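Take a look at the structure set out below.
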Amino acid sequence: MSSFTNRVDTLFSQWDTTASPGCVLAVIKDGEFIYKRGYGMADLERGMPITAESIFDIGSTGKQFTATVIAILAKQGILALDDPISKYLPEMPAYANKITIRHLIHHTSGIRDYLTLMNLRGMLVENIYAEDLLLDLITRQKGLNFKPGNEYLYSNSGYFLLGAIAQRVTGKHITEIIKEHILAPLGMKHTTFNKDYRPIVKHRAMSYDLGEEDGTFINAVALSGGFGDGALLTNIEDLLLWDCNFYNNKLNNAQADLLDQLHNTGRLNNGKPINYAFGLVVDSYNGQKIVQHGGSWAGYRTEMMRFPDQRFTVICISNLGSVNPISLCQQVADMYFEDIFTARKERKSLHAQTTSSPKTLSGSEMESFTGIYQGKQSTLDIFVKDDKLFFSNGARNYQIHLLGKKKFQLEQRPVFLSFLGKQNEQIAIDKIVGHIIKLKRVQTKRYIPQSLSIYTGEYYSPELDIRYTITTQDNTLQLKRTPFDKLNPVYPFTEIAFLCDVGEMRLRYKDGMVKGFTLNAERVANIKFRKVV
């Protein structure tokens, strides 16, 4: 065990300092900690280190608590998973009649993500917004990303609405319902909610992002957000109790089939299964079944990865936005299960092809992947610079690294690109669990407009109730969402697809003039803007 401990400490050594934020790590086996330790500082200003008692906002990892409450309320007959959400939320548009609670749970509703909508609306997460205001933003949306049940697309709106539904049927706020049905029965006395910034939370770890200069940090503050999709404050001591309940359920009078319900994954209208269950992702890693979910909010990053067959769980929570806890949890599991994983890789290699995939690419090989690729709602540019291959979404360029034949990864992020066809004329991008985006090469180079004047003006969206202003500066297009917003460069990729920091605009023309555009962002599609000035 000492060898395992030393290797784990080496893995986290870059944060094991009093000059940096860091992480807390918990390794659980058979319901007990076999390792737990904090690395780095919980509060840089006050010199407080991270410990096992440190409290973090675990972001979307908290969705499993909301989903569990919904499952319990369904078991009690207070609601039904296949009820239309309009039954409980009559203020939703007519399309809500075709969206069920089950759609919300599995992220197959098509409802636009409210956090993305906030960004498009120019609403800063550093500000405080009432839940009613966020609900109003969701209900203003006249369209969906897709027909309910047709696709999977992660949406915080779904879990925000689950929290609202739970409140409508019980008369209690979702935070109180979670306390009543989960926290109290399990004795999770350190867990609370980031519902109000004013209460003092003992042992709270502050959140940070990297500063502009090496070795510096800035505060990462987020005061807005809902309480069905996140805002849970907890520590590894309480998460141990939560983890143990997955082997010996104590909730809802020890309901016999509750755990099975929580692991039931969704299914699309065409019958295709997805691996998102009730706030949990049921997947595999190195041939072993895992049940996991990550979280990201402000500068907090979380991963809770359970190997149920081995009764083994790794939890990593960080208060620094640049940390990748998913990768760290995987590497800790690699160390612990070294013999199992190595044996599997050896067995697999017996059936592998004798020729190995190339590790580097020649200039001509890199050029064969370049071009403008376009999908239903997204466009990207693959190009070569300084003998390296890059991916650009307009706002930022990312280097892509070769994994194998025609397979790449985006700068050590969990985003994977596979080129398809003899001429690499298509790309399949896997960046969200259960969701693969396919794009086709539409041209070799970026579009260069002959004149920028036809694009300038003001554009209005009723669904966002906001005007975007497009101007020119230094012979480039610039966009502003609000009078107080900074200018955001707009990059033409094709004649109809212009990309900027807030998303992608698909332009509409009439008689050679721009009449408006449809805006697509990461978890929002088809928001219409019309030119008004």
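Going through the structure tokens in order, the chains are called A, B, and so on, while each chain numbers its residues from 1 and the ligands are numbered from 1 in the order shown.
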
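Listed by chain and then by rising number, the residues of range 189-240 of chain A that DSSP assigns to strand (DSSP E) from the backbone are Thr192, Phe193, Tyr208, Asp209, Leu210, Phe217, Ile218, Asn219, Leu232, Leu233 and Thr234 of chain A.
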
Counting only C-alpha atoms, what are the residues of range 224-273 of chain A within 6 Å of range 61-76 of chain A, and for each of them which pair of atoms is the nearest and at what distance in Å, to one decimal? Sort the table by chain and rising number, as a tab-separated table.
```
residue	atom	partner	partner_atom	distance
A:Gly228	CA	A:Thr66	CA	5.7
A:Asp229	CA	A:Lys63	CA	5.3
A:Gly230	CA	A:Gly62	CA	5.2
A:Leu232	CA	A:Gly62	CA	5.8
```

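Pairwise distance (CA of Leu320 in chain A, CA of Val24 in chain A) equals 11.3 Å.
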
Listing only residues of range 218-337 of chain A within 12 Å of range 186-204 of chain A, what is the closest atom pair and its distance in Å (to one decimal) for each, using only C-alpha atoms, sorted by chain and residue number ascending, as JSON lines?
```
{"residue": "A:Val221", "atom": "CA", "partner": "A:Tyr197", "partner_atom": "CA", "distance": 10.5}
{"residue": "A:Ala222", "atom": "CA", "partner": "A:Tyr197", "partner_atom": "CA", "distance": 9.7}
{"residue": "A:Leu223", "atom": "CA", "partner": "A:Tyr197", "partner_atom": "CA", "distance": 7.0}
{"residue": "A:Ser224", "atom": "CA", "partner": "A:Lys195", "partner_atom": "CA", "distance": 8.8}
{"residue": "A:Gly225", "atom": "CA", "partner": "A:Lys195", "partner_atom": "CA", "distance": 8.8}
{"residue": "A:Gly226", "atom": "CA", "partner": "A:Lys195", "partner_atom": "CA", "distance": 8.4}
{"residue": "A:Phe227", "atom": "CA", "partner": "A:Lys195", "partner_atom": "CA", "distance": 7.3}
{"residue": "A:Gly228", "atom": "CA", "partner": "A:Phe193", "partner_atom": "CA", "distance": 10.5}
{"residue": "A:Asp229", "atom": "CA", "partner": "A:Phe193", "partner_atom": "CA", "distance": 11.6}
{"residue": "A:Gly230", "atom": "CA", "partner": "A:Phe193", "partner_atom": "CA", "distance": 8.7}
{"residue": "A:Ala231", "atom": "CA", "partner": "A:Asn194", "partner_atom": "CA", "distance": 5.0}
{"residue": "A:Leu232", "atom": "CA", "partner": "A:Phe193", "partner_atom": "CA", "distance": 4.6}
{"residue": "A:Leu233", "atom": "CA", "partner": "A:Thr192", "partner_atom": "CA", "distance": 5.1}
{"residue": "A:Thr234", "atom": "CA", "partner": "A:Thr191", "partner_atom": "CA", "distance": 4.4}
{"residue": "A:Asn235", "atom": "CA", "partner": "A:His190", "partner_atom": "CA", "distance": 7.0}
{"residue": "A:Ile236", "atom": "CA", "partner": "A:His190", "partner_atom": "CA", "distance": 9.5}
{"residue": "A:Glu237", "atom": "CA", "partner": "A:His190", "partner_atom": "CA", "distance": 8.1}
{"residue": "A:Asp238", "atom": "CA", "partner": "A:Met188", "partner_atom": "CA", "distance": 5.0}
{"residue": "A:Leu239", "atom": "CA", "partner": "A:Met188", "partner_atom": "CA", "distance": 7.9}
{"residue": "A:Leu240", "atom": "CA", "partner": "A:Met188", "partner_atom": "CA", "distance": 9.2}
{"residue": "A:Leu241", "atom": "CA", "partner": "A:Leu186", "partner_atom": "CA", "distance": 6.4}
{"residue": "A:Trp242", "atom": "CA", "partner": "A:Leu186", "partner_atom": "CA", "distance": 7.2}
{"residue": "A:Asp243", "atom": "CA", "partner": "A:Leu186", "partner_atom": "CA", "distance": 10.4}
{"residue": "A:Cys244", "atom": "CA", "partner": "A:Leu186", "partner_atom": "CA", "distance": 9.5}
{"residue": "A:Asn245", "atom": "CA", "partner": "A:Leu186", "partner_atom": "CA", "distance": 7.9}
{"residue": "A:Phe246", "atom": "CA", "partner": "A:Leu186", "partner_atom": "CA", "distance": 11.5}
{"residue": "A:Asn248", "atom": "CA", "partner": "A:Leu186", "partner_atom": "CA", "distance": 11.0}
{"residue": "A:Asn249", "atom": "CA", "partner": "A:Leu186", "partner_atom": "CA", "distance": 9.5}
{"residue": "A:Lys250", "atom": "CA", "partner": "A:Leu186", "partner_atom": "CA", "distance": 7.2}
{"residue": "A:Leu251", "atom": "CA", "partner": "A:Leu186", "partner_atom": "CA", "distance": 7.8}
{"residue": "A:Asn252", "atom": "CA", "partner": "A:Leu186", "partner_atom": "CA", "distance": 11.0}
{"residue": "A:Asn253", "atom": "CA", "partner": "A:Leu186", "partner_atom": "CA", "distance": 11.7}
{"residue": "A:Ala254", "atom": "CA", "partner": "A:Leu186", "partner_atom": "CA", "distance": 11.2}
{"residue": "A:Trp297", "atom": "CA", "partner": "A:Asn194", "partner_atom": "CA", "distance": 11.3}
{"residue": "A:Tyr300", "atom": "CA", "partner": "A:Arg204", "partner_atom": "CA", "distance": 11.7}
{"residue": "A:Asn319", "atom": "CA", "partner": "A:Arg204", "partner_atom": "CA", "distance": 10.2}
```

Output N, CA and C atoms for every residue in the selection just made, as an mmCIF file, in the first residue's frame.
```
data_model
loop_
_atom_site.group_PDB
_atom_site.id
_atom_site.type_symbol
_atom_site.label_atom_id
_atom_site.label_comp_id
_atom_site.auth_asym_id
_atom_site.auth_seq_id
_atom_site.Cartn_x
_atom_site.Cartn_y
_atom_site.Cartn_z
ATOM 1 N N VAL A 221 -15.655 33.275 -9.137
ATOM 2 C CA VAL A 221 -16.877 33.440 -8.360
ATOM 3 C C VAL A 221 -18.095 33.186 -9.245
ATOM 4 N N ALA A 222 -19.042 32.425 -8.739
ATOM 5 C CA ALA A 222 -20.324 32.224 -9.420
ATOM 6 C C ALA A 222 -21.407 32.201 -8.358
ATOM 7 N N LEU A 223 -22.299 33.167 -8.401
ATOM 8 C CA LEU A 223 -23.334 33.301 -7.377
ATOM 9 C C LEU A 223 -24.722 32.941 -7.878
ATOM 10 N N SER A 224 -24.857 32.707 -9.186
ATOM 11 C CA SER A 224 -26.169 32.400 -9.740
ATOM 12 C C SER A 224 -26.309 30.896 -9.935
ATOM 13 N N GLY A 225 -27.424 30.498 -10.514
ATOM 14 C CA GLY A 225 -27.625 29.086 -10.817
ATOM 15 C C GLY A 225 -28.796 28.509 -10.052
ATOM 16 N N GLY A 226 -29.266 27.371 -10.526
ATOM 17 C CA GLY A 226 -30.410 26.717 -9.911
ATOM 18 C C GLY A 226 -29.979 25.726 -8.854
ATOM 19 N N PHE A 227 -30.941 25.019 -8.301
ATOM 20 C CA PHE A 227 -30.647 24.144 -7.184
ATOM 21 C C PHE A 227 -31.175 22.729 -7.400
ATOM 22 N N GLY A 228 -31.553 22.419 -8.616
ATOM 23 C CA GLY A 228 -31.822 21.037 -8.969
ATOM 24 C C GLY A 228 -30.684 20.499 -9.797
ATOM 25 N N ASP A 229 -29.957 21.412 -10.445
ATOM 26 C CA ASP A 229 -28.880 20.997 -11.345
ATOM 27 C C ASP A 229 -27.502 21.119 -10.708
ATOM 28 N N GLY A 230 -27.406 21.632 -9.487
ATOM 29 C CA GLY A 230 -26.104 21.773 -8.848
ATOM 30 C C GLY A 230 -26.228 22.487 -7.523
ATOM 31 N N ALA A 231 -25.178 23.252 -7.170
ATOM 32 C CA ALA A 231 -25.137 24.088 -5.962
ATOM 33 C C ALA A 231 -25.095 23.279 -4.671
ATOM 34 N N LEU A 232 -24.634 22.033 -4.731
ATOM 35 C CA LEU A 232 -24.500 21.214 -3.529
ATOM 36 C C LEU A 232 -23.102 21.412 -2.945
ATOM 37 N N LEU A 233 -23.026 21.738 -1.662
ATOM 38 C CA LEU A 233 -21.763 21.887 -0.955
ATOM 39 C C LEU A 233 -21.544 20.670 -0.068
ATOM 40 N N THR A 234 -20.407 20.006 -0.225
ATOM 41 C CA THR A 234 -20.180 18.794 0.558
ATOM 42 C C THR A 234 -18.684 18.512 0.660
ATOM 43 N N ASN A 235 -18.353 17.417 1.342
ATOM 44 C CA ASN A 235 -16.958 16.989 1.432
ATOM 45 C C ASN A 235 -16.874 15.476 1.267
ATOM 46 N N ILE A 236 -15.655 14.959 1.248
ATOM 47 C CA ILE A 236 -15.481 13.527 0.974
ATOM 48 C C ILE A 236 -16.004 12.665 2.112
ATOM 49 N N GLU A 237 -16.043 13.196 3.352
ATOM 50 C CA GLU A 237 -16.569 12.419 4.477
ATOM 51 C C GLU A 237 -18.049 12.090 4.239
ATOM 52 N N ASP A 238 -18.817 13.085 3.766
ATOM 53 C CA ASP A 238 -20.235 12.841 3.479
ATOM 54 C C ASP A 238 -20.420 12.028 2.197
ATOM 55 N N LEU A 239 -19.559 12.241 1.226
ATOM 56 C CA LEU A 239 -19.678 11.470 -0.018
ATOM 57 C C LEU A 239 -19.370 9.991 0.212
ATOM 58 N N LEU A 240 -18.596 9.670 1.227
ATOM 59 C CA LEU A 240 -18.399 8.270 1.608
ATOM 60 C C LEU A 240 -19.734 7.650 2.015
ATOM 61 N N LEU A 241 -20.525 8.365 2.801
ATOM 62 C CA LEU A 241 -21.841 7.860 3.217
ATOM 63 C C LEU A 241 -22.752 7.674 2.012
ATOM 64 N N TRP A 242 -22.699 8.617 1.085
ATOM 65 C CA TRP A 242 -23.502 8.524 -0.134
ATOM 66 C C TRP A 242 -23.056 7.322 -0.963
ATOM 67 N N ASP A 243 -21.757 7.118 -1.075
ATOM 68 C CA ASP A 243 -21.225 5.995 -1.841
ATOM 69 C C ASP A 243 -21.656 4.663 -1.218
ATOM 70 N N CYS A 244 -21.594 4.559 0.088
ATOM 71 C CA CYS A 244 -21.969 3.315 0.759
ATOM 72 C C CYS A 244 -23.430 2.953 0.519
ATOM 73 N N ASN A 245 -24.272 3.964 0.349
ATOM 74 C CA ASN A 245 -25.692 3.685 0.148
ATOM 75 C C ASN A 245 -25.965 2.968 -1.167
ATOM 76 N N PHE A 246 -25.033 3.029 -2.110
ATOM 77 C CA PHE A 246 -25.223 2.327 -3.381
ATOM 78 C C PHE A 246 -25.032 0.814 -3.240
ATOM 79 N N ASN A 248 -25.952 -0.617 0.027
ATOM 80 C CA ASN A 248 -26.896 -0.976 1.084
ATOM 81 C C ASN A 248 -27.848 0.195 1.275
ATOM 82 N N ASN A 249 -28.914 0.225 0.474
ATOM 83 C CA ASN A 249 -29.794 1.384 0.444
ATOM 84 C C ASN A 249 -30.566 1.564 1.752
ATOM 85 N N LYS A 250 -30.526 2.795 2.243
ATOM 86 C CA LYS A 250 -31.268 3.158 3.450
ATOM 87 C C LYS A 250 -32.380 4.161 3.152
ATOM 88 N N LEU A 251 -32.512 4.585 1.902
ATOM 89 C CA LEU A 251 -33.435 5.665 1.568
ATOM 90 C C LEU A 251 -34.838 5.146 1.275
ATOM 91 N N ASN A 252 -35.823 6.017 1.525
ATOM 92 C CA ASN A 252 -37.232 5.693 1.286
ATOM 93 C C ASN A 252 -37.599 4.361 1.923
ATOM 94 N N ASN A 253 -37.268 4.256 3.239
ATOM 95 C CA ASN A 253 -37.544 3.027 4.002
ATOM 96 C C ASN A 253 -36.856 1.816 3.364
ATOM 97 N N ALA A 254 -35.595 2.051 2.945
ATOM 98 C CA ALA A 254 -34.786 0.980 2.335
ATOM 99 C C ALA A 254 -35.497 0.351 1.138
ATOM 100 N N TRP A 297 -18.166 24.009 -11.844
ATOM 101 C CA TRP A 297 -18.870 25.242 -11.514
ATOM 102 C C TRP A 297 -17.865 26.232 -10.944
ATOM 103 N N TYR A 300 -14.495 25.222 -9.384
ATOM 104 C CA TYR A 300 -14.573 23.886 -8.802
ATOM 105 C C TYR A 300 -14.668 22.830 -9.909
ATOM 106 N N ASN A 319 -10.406 22.868 -6.381
ATOM 107 C CA ASN A 319 -10.859 24.265 -6.353
ATOM 108 C C ASN A 319 -10.056 25.119 -7.328
#
```

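For Gly266 in chain A, the set of protein, DNA and RNA residues having any atom at most 8 Å away, when counting only C-alpha atoms and skipping those fewer than 2 positions along the same chain, is His106, Asn264, Leu268, Pro273, Ile274, Asn275, Tyr276 and Ala277 of chain A.
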
Please dump the current selection as a JSON list (two decimals), in the first residue's frame; keep C-alpha atoms.
```json
[["chain", "number", "residue", "atom", "x", "y", "z"],
["A", 106, "HIS", "CA", -31.98, 11.48, -19.23],
["A", 264, "ASN", "CA", -31.70, 2.62, -15.41],
["A", 268, "LEU", "CA", -33.99, 7.34, -27.64],
["A", 273, "PRO", "CA", -29.73, 3.20, -25.60],
["A", 274, "ILE", "CA", -27.72, 5.97, -23.99],
["A", 275, "ASN", "CA", -25.56, 5.63, -20.90],
["A", 276, "TYR", "CA", -27.06, 8.46, -18.85],
["A", 277, "ALA", "CA", -29.20, 7.16, -16.01]]
```
